[in-house]
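Q: What follows is the file my_file-v6.pdb, containing PDB, C-alpha atoms:
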MODEL        1
ATOM      1  CA  MET A  18      -1.874   1.228  11.298
ATOM      2  CA  MET A  19      -3.395   2.489  14.562
ATOM      3  CA  ASP A  20      -5.810   0.536  16.786
ATOM      4  CA  THR A  21      -8.623   2.127  18.767
ATOM      5  CA  PRO A  22     -10.071   0.634  21.999
ATOM      6  CA  PRO A  23     -12.871  -1.900  21.473
ATOM      7  CA  VAL A  24     -16.509  -0.789  21.656
ATOM      8  CA  VAL A  25     -19.078  -3.137  23.181
ATOM      9  CA  VAL A  26     -21.848  -4.231  20.823
ATOM     10  CA  PRO A  27     -25.049  -5.165  22.751
ATOM     11  CA  GLY A  28     -26.406  -8.580  21.868
ATOM     12  CA  GLY A  29     -23.253  -9.681  20.081
ATOM     13  CA  TYR A  30     -22.965 -12.851  22.143
ATOM     14  CA  HIS A  31     -24.884 -16.116  21.806
ATOM     15  CA  GLU A  32     -27.293 -16.283  24.752
ATOM     16  CA  GLU A  33     -28.046 -19.957  24.146
ATOM     17  CA  GLN A  34     -24.368 -20.789  24.817
ATOM     18  CA  LEU A  35     -24.207 -19.253  28.298
ATOM     19  CA  ALA A  36     -24.878 -22.633  29.940
ATOM     20  CA  GLU A  37     -22.459 -24.550  27.702
ATOM     21  CA  VAL A  38     -18.970 -25.694  28.691
ATOM     22  CA  PHE A  39     -16.222 -27.091  26.469
ATOM     23  CA  ARG A  40     -13.453 -29.388  27.704
ATOM     24  CA  ASP A  41     -11.295 -31.838  25.747
ATOM     25  CA  GLU A  42      -9.535 -34.157  28.202
ATOM     26  CA  MET A  43      -7.625 -36.030  25.491
ATOM     27  CA  TRP A  44      -6.212 -32.824  23.964
ATOM     28  CA  LEU A  45      -5.241 -31.486  27.401
ATOM     29  CA  GLU A  46      -3.414 -34.707  28.247
ATOM     30  CA  GLU A  47      -1.572 -34.886  24.920
ATOM     31  CA  SER A  48      -0.565 -31.198  24.886
ATOM     32  CA  GLY A  49       0.363 -30.975  28.551
ATOM     33  CA  GLY A  50      -2.309 -28.402  29.337
ATOM     34  CA  VAL A  51      -3.245 -24.929  28.121
ATOM     35  CA  ASN A  52      -0.653 -22.178  27.882
ATOM     36  CA  PHE A  53      -0.453 -18.772  26.249
ATOM     37  CA  ASP A  54       0.943 -20.157  22.991
ATOM     38  CA  ASN A  55      -1.704 -22.857  22.433
ATOM     39  CA  VAL A  56      -4.807 -21.385  24.081
ATOM     40  CA  LEU A  57      -6.241 -20.195  20.747
ATOM     41  CA  ASP A  58      -5.570 -23.613  19.213
ATOM     42  CA  TYR A  59      -7.530 -25.152  22.077
ATOM     43  CA  PHE A  60     -10.299 -22.557  21.786
ATOM     44  CA  ALA A  61     -10.579 -23.309  18.043
ATOM     45  CA  ARG A  62     -11.737 -26.836  18.927
ATOM     46  CA  SER A  63     -14.769 -25.524  20.827
ATOM     47  CA  GLN A  64     -18.281 -24.675  19.660
ATOM     48  CA  PHE A  65     -17.576 -21.023  20.519
ATOM     49  CA  TYR A  66     -15.081 -20.618  17.689
ATOM     50  CA  THR A  67     -16.084 -19.007  14.378
ATOM     51  CA  ARG A  68     -14.562 -20.772  11.374
ATOM     52  CA  ASN A  69     -14.689 -17.772   9.027
ATOM     53  CA  CYS A  70     -12.650 -15.526  11.330
ATOM     54  CA  LEU A  71      -9.358 -13.833  10.459
ATOM     55  CA  ASN A  72      -7.482 -16.131  12.849
ATOM     56  CA  GLU A  73      -8.623 -19.153  10.833
ATOM     57  CA  GLU A  74      -7.430 -17.535   7.611
ATOM     58  CA  ALA A  75      -4.026 -16.938   9.194
ATOM     59  CA  ARG A  76      -3.970 -20.523  10.455
ATOM     60  CA  ARG A  77      -4.603 -21.938   6.966
ATOM     61  CA  GLN A  78      -1.842 -19.787   5.511
ATOM     62  CA  ALA A  79       0.584 -20.799   8.259
ATOM     63  CA  GLU A  80      -0.173 -24.507   7.812
ATOM     64  CA  ALA A  81       0.367 -24.205   4.049
ATOM     65  CA  LEU A  82       3.651 -22.371   4.652
ATOM     66  CA  VAL A  83       4.799 -25.003   7.150
ATOM     67  CA  LYS A  84       3.963 -27.802   4.711
ATOM     68  CA  THR A  85       5.948 -26.130   1.954
ATOM     69  CA  SER A  86       8.842 -25.353   4.286
ATOM     70  CA  ASN A  87       9.007 -28.902   5.679
ATOM     71  CA  SER A  88       9.228 -30.327   2.174
ATOM     72  CA  HIS A  89      12.530 -28.471   1.717
ATOM     73  CA  ARG A  90      13.953 -29.121   5.192
ATOM     74  CA  ALA A  91      15.815 -32.069   6.629
ATOM     75  CA  THR A  92      13.878 -31.786   9.902
ATOM     76  CA  PRO A  93      10.251 -30.642  10.417
ATOM     77  CA  MET A  94       9.507 -27.205  11.824
ATOM     78  CA  THR A  95       9.476 -27.138  15.629
ATOM     79  CA  GLN A  96       6.521 -25.973  17.732
ATOM     80  CA  GLU A  97       8.306 -22.724  18.589
ATOM     81  CA  GLU A  98       8.932 -22.048  14.894
ATOM     82  CA  PHE A  99       5.292 -22.763  14.084
ATOM     83  CA  VAL A 100       4.135 -20.314  16.787
ATOM     84  CA  ARG A 101       6.357 -17.591  15.294
ATOM     85  CA  CYS A 102       5.019 -18.423  11.856
ATOM     86  CA  MET A 103       1.442 -18.107  13.126
ATOM     87  CA  ARG A 104       2.181 -14.695  14.632
ATOM     88  CA  ASP A 105       3.664 -13.460  11.365
ATOM     89  CA  GLN A 106       0.711 -14.782   9.377
ATOM     90  CA  GLU A 107      -1.810 -13.188  11.753
ATOM     91  CA  ALA A 108      -0.066  -9.820  11.430
ATOM     92  CA  ASP A 109      -0.044 -10.176   7.646
ATOM     93  CA  THR A 110      -3.713 -11.246   7.562
ATOM     94  CA  PHE A 111      -4.812  -8.322   9.733
ATOM     95  CA  ARG A 112      -2.963  -5.937   7.404
ATOM     96  CA  ARG A 113      -4.566  -7.360   4.248
ATOM     97  CA  PHE A 114      -8.154  -7.668   5.524
ATOM     98  CA  SER A 115      -9.866  -4.389   6.405
ATOM     99  CA  SER A 116     -12.754  -6.053   8.249
ATOM    100  CA  GLY A 117     -13.734  -9.364   9.801
ATOM    101  CA  THR A 118     -14.056 -11.276  13.057
ATOM    102  CA  GLU A 119     -10.954 -11.937  15.105
ATOM    103  CA  PHE A 120     -10.154 -13.523  18.464
ATOM    104  CA  SER A 121      -7.605 -11.999  20.826
ATOM    105  CA  LYS A 122      -6.133 -13.611  23.930
ATOM    106  CA  SER A 123      -4.760 -12.482  27.267
ATOM    107  CA  GLN A 124      -3.542 -14.321  30.353
ATOM    108  CA  GLN A 125      -4.781 -13.316  33.812
ATOM    109  CA  SER A 126      -3.116 -16.127  35.794
ATOM    110  CA  PRO A 127      -1.340 -19.428  35.026
ATOM    111  CA  GLN A 128      -4.716 -21.210  34.700
ATOM    112  CA  LEU A 129      -6.958 -18.344  33.553
ATOM    113  CA  PHE A 130      -7.097 -17.001  30.000
ATOM    114  CA  VAL A 131      -9.506 -14.485  28.477
ATOM    115  CA  ILE A 132     -10.564 -14.761  24.830
ATOM    116  CA  ARG A 133     -12.257 -11.755  23.236
ATOM    117  CA  LYS A 134     -14.328 -12.025  20.074
ATOM    118  CA  LEU A 135     -13.939  -8.776  18.141
ATOM    119  CA  GLU A 136     -15.367  -7.279  14.968
ATOM    120  CA  ARG A 137     -12.509  -5.523  13.193
ATOM    121  CA  LYS A 138     -13.020  -2.569  10.867
ATOM    122  CA  THR A 139     -10.342  -0.453   9.221
ATOM    123  CA  GLU A 140     -10.862   3.014   7.806
ATOM    124  CA  ASN A 141      -8.034   5.273   6.642
ATOM    125  CA  ASP A 142      -5.441   2.876   8.104
ATOM    126  CA  VAL A 143      -7.089   3.125  11.533
ATOM    127  CA  ALA A 144      -8.404  -0.179  12.932
ATOM    128  CA  SER A 145     -11.365  -0.160  15.321
ATOM    129  CA  HIS A 146     -12.711  -3.129  17.266
ATOM    130  CA  SER A 147     -16.255  -3.844  18.478
ATOM    131  CA  LEU A 148     -16.466  -6.323  21.342
ATOM    132  CA  LEU A 149     -18.884  -9.141  20.462
ATOM    133  CA  ALA A 150     -18.312 -11.647  23.271
ATOM    134  CA  VAL A 151     -15.892 -12.682  26.015
ATOM    135  CA  TYR A 152     -14.863 -16.223  26.932
ATOM    136  CA  TYR A 153     -12.899 -17.627  29.857
ATOM    137  CA  VAL A 154     -10.560 -20.609  29.792
ATOM    138  CA  VAL A 155     -10.285 -21.810  33.393
ATOM    139  CA  ASN A 156      -8.206 -24.900  34.165
ATOM    140  CA  GLY A 157      -8.880 -26.232  30.666
ATOM    141  CA  SER A 158     -12.644 -25.532  30.651
ATOM    142  CA  ILE A 159     -14.092 -22.877  28.339
ATOM    143  CA  TYR A 160     -17.095 -20.750  29.317
ATOM    144  CA  GLN A 161     -18.847 -17.812  27.706
ATOM    145  CA  ALA A 162     -19.085 -14.785  29.981
ATOM    146  CA  PRO A 163     -22.605 -13.292  30.307
ATOM    147  CA  ASP A 164     -23.147  -9.699  29.230
ATOM    148  CA  LEU A 165     -24.113  -7.027  31.774
ATOM    149  CA  ASN A 166     -27.837  -7.197  30.970
ATOM    150  CA  THR A 167     -27.980 -10.967  31.546
ATOM    151  CA  LEU A 168     -25.974 -10.680  34.773
ATOM    152  CA  VAL A 169     -28.166  -7.901  36.221
ATOM    153  CA  CYS A 170     -31.396  -9.716  35.264
ATOM    154  CA  SER A 171     -30.155 -12.904  36.910
ATOM    155  CA  ARG A 172     -29.273 -11.102  40.160
ATOM    156  CA  MET A 173     -32.619  -9.271  40.176
ATOM    157  CA  ASN A 174     -34.562 -12.496  39.612
ATOM    158  CA  LYS A 175     -32.696 -14.125  42.501
ATOM    159  CA  THR A 176     -33.440 -11.135  44.752
ATOM    160  CA  PHE A 177     -37.147 -11.109  43.841
ATOM    161  CA  SER A 178     -37.320 -14.859  44.479
ATOM    162  CA  HIS A 179     -35.964 -14.418  48.027
ATOM    163  CA  LEU A 180     -38.334 -11.492  48.679
ATOM    164  CA  HIS A 181     -41.295 -13.537  47.454
ATOM    165  CA  SER A 182     -40.327 -16.460  49.717
ATOM    166  CA  ALA A 183     -40.044 -14.076  52.674
ATOM    167  CA  MET A 184     -43.474 -12.561  52.042
ATOM    168  CA  VAL A 185     -45.061 -16.009  51.697
ATOM    169  CA  GLU A 186     -43.644 -17.024  55.087
ATOM    170  CA  LEU A 187     -44.694 -13.750  56.747
ATOM    171  CA  GLN A 188     -48.249 -14.116  55.458
ATOM    172  CA  LYS A 189     -48.621 -17.203  57.646
ATOM    173  CA  SER A 190     -48.573 -14.897  60.698
ATOM    174  CA  ILE A 191     -51.273 -12.522  59.410
ATOM    175  CA  HIS A 192     -54.830 -12.977  60.658
ATOM    176  CA  PHE A 193     -57.942 -10.989  59.800
ATOM    177  CA  HIS A 194     -60.967 -10.519  62.011
ATOM    178  CA  PRO A 195     -63.907  -8.238  61.095
ATOM    179  CA  ALA A 196     -63.839  -6.629  64.529
ATOM    180  CA  LYS A 197     -60.057  -6.503  65.059
ATOM    181  CA  ASN A 198     -59.050  -5.914  61.460
ATOM    182  CA  VAL A 199     -55.585  -7.270  60.603
ATOM    183  CA  THR A 200     -53.494  -8.736  63.427
ATOM    184  CA  TRP A 201     -50.153 -10.498  63.605
ATOM    185  CA  ASP A 202     -49.671 -13.753  65.454
ATOM    186  CA  TRP A 203     -46.115 -13.756  66.797
ATOM    187  CA  THR A 204     -46.436 -16.850  68.958
ATOM    188  CA  PRO A 205     -43.553 -19.322  68.559
ATOM    189  CA  GLU A 206     -45.834 -21.758  66.745
ATOM    190  CA  ALA A 207     -46.728 -19.126  64.157
ATOM    191  CA  LYS A 208     -43.189 -17.927  63.506
ATOM    192  CA  PRO A 209     -42.131 -18.396  59.882
ATOM    193  CA  ALA A 210     -39.884 -21.422  59.546
ATOM    194  CA  SER A 211     -37.672 -19.883  56.897
ATOM    195  CA  ILE A 212     -37.467 -16.322  55.624
ATOM    196  CA  CYS A 213     -34.444 -16.820  53.390
ATOM    197  CA  PRO A 214     -33.735 -20.304  51.984
ATOM    198  CA  THR A 215     -29.980 -19.631  51.774
ATOM    199  CA  LEU A 216     -29.659 -18.985  55.551
ATOM    200  CA  THR A 217     -29.348 -21.585  58.275
ATOM    201  CA  LYS A 218     -32.206 -22.336  60.686
ATOM    202  CA  ALA A 219     -30.509 -20.344  63.459
ATOM    203  CA  GLU A 220     -29.940 -17.382  61.139
ATOM    204  CA  ASN A 221     -33.576 -17.453  60.014
ATOM    205  CA  THR A 222     -34.768 -17.557  63.631
ATOM    206  CA  ALA A 223     -32.591 -14.571  64.504
ATOM    207  CA  LEU A 224     -33.906 -12.718  61.437
ATOM    208  CA  VAL A 225     -37.536 -13.322  62.440
ATOM    209  CA  ASP A 226     -36.881 -12.324  66.087
ATOM    210  CA  ASN A 227     -35.252  -9.100  64.949
ATOM    211  CA  PHE A 228     -38.181  -8.362  62.636
ATOM    212  CA  MET A 229     -40.654  -8.996  65.499
ATOM    213  CA  LYS A 230     -38.785  -6.640  67.869
ATOM    214  CA  ARG A 231     -38.748  -3.904  65.239
ATOM    215  CA  TYR A 232     -42.454  -4.410  64.554
ATOM    216  CA  GLU A 233     -43.360  -4.284  68.273
ATOM    217  CA  HIS A 234     -41.285  -1.125  68.718
ATOM    218  CA  PHE A 235     -42.979   0.445  65.710
ATOM    219  CA  SER A 236     -46.456  -0.523  67.005
ATOM    220  CA  LYS A 237     -45.852   1.108  70.407
ATOM    221  CA  SER A 238     -44.404   4.339  68.984
TER     222      SER A 238
ENDMDL
END
Kindly return the structure encoded in the file as structure tokens.
A:
Amino acid sequence: MMDTPPVVVPGGYHEEQLAEVFRDEMWLEESGGVNFDNVLDYFARSQFYTRNCLNEEARRQAEALVKTSNSHRATPMTQEEFVRCMRDQEADTFRRFSSGTEFSKSQQSPQLFVIRKLERKTENDVASHSLLAVYYVVNGSIYQAPDLNTLVCSRMNKTFSHLHSAMVELQKSIHFHPAKNVTWDWTPEAKPASICPTLTKAENTALVDNFMKRYEHFSKS
């Protein structure tokens, strides 16, 4: 069966979960931290996990197989054997189910894992995936990644907020007189105290001085 690259589905994520974080200190301490083999087990404990996904079906089958196998063994199945069993069950589940939600994992660094929520569809033995959401596991904390629309809107709102603050401060130096029309008061007392809230006082002063020099040059030209 062939797999095609995932296609992004707009609005497939849960916007209300963008500000949520999941972290289970007890699990992290008992398991020794998150690694590539147990990251999906850890993710399954979070509110981001979908219980009716294909991974959960494979997990139930693997647990049933382990229980049956342990009843006929002198020693219980080891963690490494259970991981191999899970992989086999996932492969079998994905072959038997033509559609459904699945979670895939990848490791970017020792403490950074990426979980992708995918909608799987199979037609004529060709599996296609639609990307529903992306999650990050960073140092044991799980976050949902915002989609492009949310990210761009957030950056634009932040930019407009800074521009609005700058215009409010600049308006303090504008004066209107019926005979003189609009004039600018560039005396030190009238200088805006802060053009950009994220800059230091010295940086704001330099920004205002530069703006005044440009304005004076423009007025004389």
Q: I'd like to see the residues matched by the PyMOL selection byres ((chain A and resi 38) around 7) on this file, and ideally I'd get them as number ranges by chain.
A: A: 36-37, 39-40, 158-160
Q: So, counting all atoms listed in the file, which residue among A:Val131, A:Leu71, A:Met103, A:Ala144 is closest to Ala162 in chain A?
A: A:Val131
Q: Nearest residue to Tyr59 in chain A out of A:Met184, A:Leu165, A:Cys102, A:Leu45, using all atoms listed in the file?
A: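 So, comparing all the options, the nearest one is A:Leu45.
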Q: Select, counting all atoms listed in the file, all protein, DNA and RNA residues no farther than 10 Å from (1.2, -21.2, 11.2) in file coordinates, and express the selection as a PDB file with C-alpha atoms, keeping the file's coordinate frame.
A:
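This went into selection01.pdb:
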ATOM      1  CA  ALA A  75      -4.026 -16.938   9.194  1.00  0.00           C
ATOM      2  CA  ARG A  76      -3.970 -20.523  10.455  1.00  0.00           C
ATOM      3  CA  ARG A  77      -4.603 -21.938   6.966  1.00  0.00           C
ATOM      4  CA  GLN A  78      -1.842 -19.787   5.511  1.00  0.00           C
ATOM      5  CA  ALA A  79       0.584 -20.799   8.259  1.00  0.00           C
ATOM      6  CA  GLU A  80      -0.173 -24.507   7.812  1.00  0.00           C
ATOM      7  CA  ALA A  81       0.367 -24.205   4.049  1.00  0.00           C
ATOM      8  CA  LEU A  82       3.651 -22.371   4.652  1.00  0.00           C
ATOM      9  CA  VAL A  83       4.799 -25.003   7.150  1.00  0.00           C
ATOM     10  CA  LYS A  84       3.963 -27.802   4.711  1.00  0.00           C
ATOM     11  CA  GLN A  96       6.521 -25.973  17.732  1.00  0.00           C
ATOM     12  CA  GLU A  98       8.932 -22.048  14.894  1.00  0.00           C
ATOM     13  CA  PHE A  99       5.292 -22.763  14.084  1.00  0.00           C
ATOM     14  CA  VAL A 100       4.135 -20.314  16.787  1.00  0.00           C
ATOM     15  CA  ARG A 101       6.357 -17.591  15.294  1.00  0.00           C
ATOM     16  CA  CYS A 102       5.019 -18.423  11.856  1.00  0.00           C
ATOM     17  CA  MET A 103       1.442 -18.107  13.126  1.00  0.00           C
ATOM     18  CA  ARG A 104       2.181 -14.695  14.632  1.00  0.00           C
ATOM     19  CA  ASP A 105       3.664 -13.460  11.365  1.00  0.00           C
ATOM     20  CA  GLN A 106       0.711 -14.782   9.377  1.00  0.00           C
ATOM     21  CA  GLU A 107      -1.810 -13.188  11.753  1.00  0.00           C
TER      22      GLU A 107
END
Q: Need to verify the contact set: Gln161 in chain A, 8 Å, all atoms listed in the file, exclusion of same-chain residues closer than 3 positions in sequence. Can you return it as a list in words?
A: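 Within the cut-off, the hits are Gln34, Leu35, Glu37, Val38, Phe65, Ala150, Val151, Tyr152 and Tyr153 of chain A.
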Q: Using only C-alpha atoms, please write the residues we just selected to a file, as a PDB file, in the frame of the given file.
A:
ATOM      1  CA  GLN A  34     -24.368 -20.789  24.817  1.00  0.00           C
ATOM      2  CA  LEU A  35     -24.207 -19.253  28.298  1.00  0.00           C
ATOM      3  CA  GLU A  37     -22.459 -24.550  27.702  1.00  0.00           C
ATOM      4  CA  VAL A  38     -18.970 -25.694  28.691  1.00  0.00           C
ATOM      5  CA  PHE A  65     -17.576 -21.023  20.519  1.00  0.00           C
ATOM      6  CA  ALA A 150     -18.312 -11.647  23.271  1.00  0.00           C
ATOM      7  CA  VAL A 151     -15.892 -12.682  26.015  1.00  0.00           C
ATOM      8  CA  TYR A 152     -14.863 -16.223  26.932  1.00  0.00           C
ATOM      9  CA  TYR A 153     -12.899 -17.627  29.857  1.00  0.00           C
TER      10      TYR A 153
END
Q: Could you check how far CA of Asp109 in chain A sits from CA of Cys70 in chain A, in Å to one decimal?
A: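 A separation of 14.2 Å between them.
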Q: Distance CA of Val155 in chain A-CA of Ser123 in chain A, one decimal place?
A: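 Spanning CA of Val155 in chain A to CA of Ser123 in chain A is a straight-line distance of 12.5 Å.
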Q: Suppose you want the space between CA of Arg137 in chain A and CA of Leu57 in chain A; what is it in Å?
A: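 Distance reported for this atom pair: 17.7 Å.
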